[in-house]
Structures are given as C-alpha cells and as structure tokens.
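Notes follow once the structure below has been shown.
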Amino acid sequence: MRSASLILGLSVACLASTSLWAESVPPQLRNKSITASWTMQRSVMTPRGERQSPSISVSRLIYVSGNGRFFVKATINTHSAEVAPGEKTPHGGARDMMFSGGKIVGTAQRGAGAGRMMISFDQTYSSCSVHVMYGKPPGQRVMITNRRGVRVELLGVTYSGQSCSIRDGNAFSN
C-alpha cells in the first residue's frame, strides 16, 4: 500500500506541474505512431454489495508529430475517442502526457486515485514496452461510474496482456 501511495503522489505531482520534468521528444520518435494496449480488470463493489471484476480492453494510439506534440486516441472495449493531453478526463480529472526520463508518461486522475501509463523504448527507439498502474490513497473510497451509468466503489485494478508497437507515419491520417 505504501508504494501505491507513493505512486499516487508522484502521479498527482506530475499532473500538477508537468513542465518541471518534461523533456524534448527525441528525433527518433517524431513522425511515429505508437500503439499501446492492455487488459484491465477492475474489482468493484456495486450498490447492492455485489463484488464484480469486469475485464476491459484498453488501447492508446499515440501519434508524435514532427514538432514533438502528442495526439492520442483512446479505445476502451469498442468505444474510441480522441483525447488531448492537458485536457480533462470525461469525469473532470486532470490528464496529461509528456516525454520524461526517456519514456512517454501518461497520467490521468480517476476519482481520488490516478492512473499512469509508461512507454519505454530500446536504445534505437524501434521497439517499446508499456507498463500501466493505478494507485489510490490508503483507506480512501474511490467511486466511479461504470458503463451502465451506475456508481460503484473501485476496490482495485490489475493489468495483463500489455503490448506496444511503433510504426512510421501518422496513423490518424490513414
């Protein structure tokens, strides 16, 4: 639990002041499209006291422009939307994406917690891997709205099947 608190604190700090840690995107990543995907299993408690663990397919299609700007398309199960770094999440939380420490780091506030996606690269920026996590303050309840519009308590999140790939060009223009 202590590491989840530390990660949450770091994620919130990153959301609050991304310019402090942001670096310039290296030329090897510019004009590239990166696809990161994973399966998320959320453990939730319904208002009726039922514990559920739905699996959710998640992907992020990220285009890094020639100027080093990020353009993102988020897909959850079959629903897609373009999301702009620095804008709010659908539920009003902060969201951002930056290049820091040789990685693309995406953060998003969700309830009292925060999620983080880190995309790491090999030395030539020709392959990548993705790691995602969610943290919340110990002892705090996190309420979210599920796909059916019902408020449920988020008990925990696990991730599996993480994959990442890179290709030349703008995937949004194809």
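Following the order of the structure tokens, first chain is A, next is B, and so on, with residues numbered from 1 inside each chain and ligands from 1 in the order they appear.
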* Please identify all polymer residues within 10 Å of region 32-48 of chain A, counting only C-alpha atoms, omitting same-chain residues fewer than 6 positions from it, and present them as JSON, numbers by chain. => {"A": [54, 55, 56, 57, 58, 59, 60, 61, 62, 63, 64, 65, 66, 68, 70, 71, 72, 73, 74, 75, 76, 77, 117, 118, 119, 127, 128, 129, 130, 131, 132, 133, 142, 143, 144, 146, 150, 151, 152, 153, 154, 155, 156, 157, 158, 159, 160, 161, 162, 163, 164, 165, 166, 167, 168, 169, 170, 171, 172]}
* Asked: Quick one: distance from CA of Asn67 (chain A) to CA of Ser173 (chain A) in Å, one decimal?
  ->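 Separation of CA of Asn67 (chain A) and CA of Ser173 (chain A): 16.4 Å.
Proximity to Thr124 (chain A) was assessed for A:His79, A:Arg148, A:Gly102, A:Pro138 counting only C-alpha atoms; the smallest distance is recorded for A:Gly102.
Comparing the minimum interatomic distances between Ser120 (chain A) and each of A:Met97, A:Lys103, A:Ala108, A:Lys136, counting only C-alpha atoms, we find that A:Lys103 sits nearest.
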* Asked: Do you have the CA of Thr145 (chain A)-CA of Ser53 (chain A) distance handy?
  ->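 Pair CA of Thr145 (chain A) / CA of Ser53 (chain A) returns 14.2 Å.
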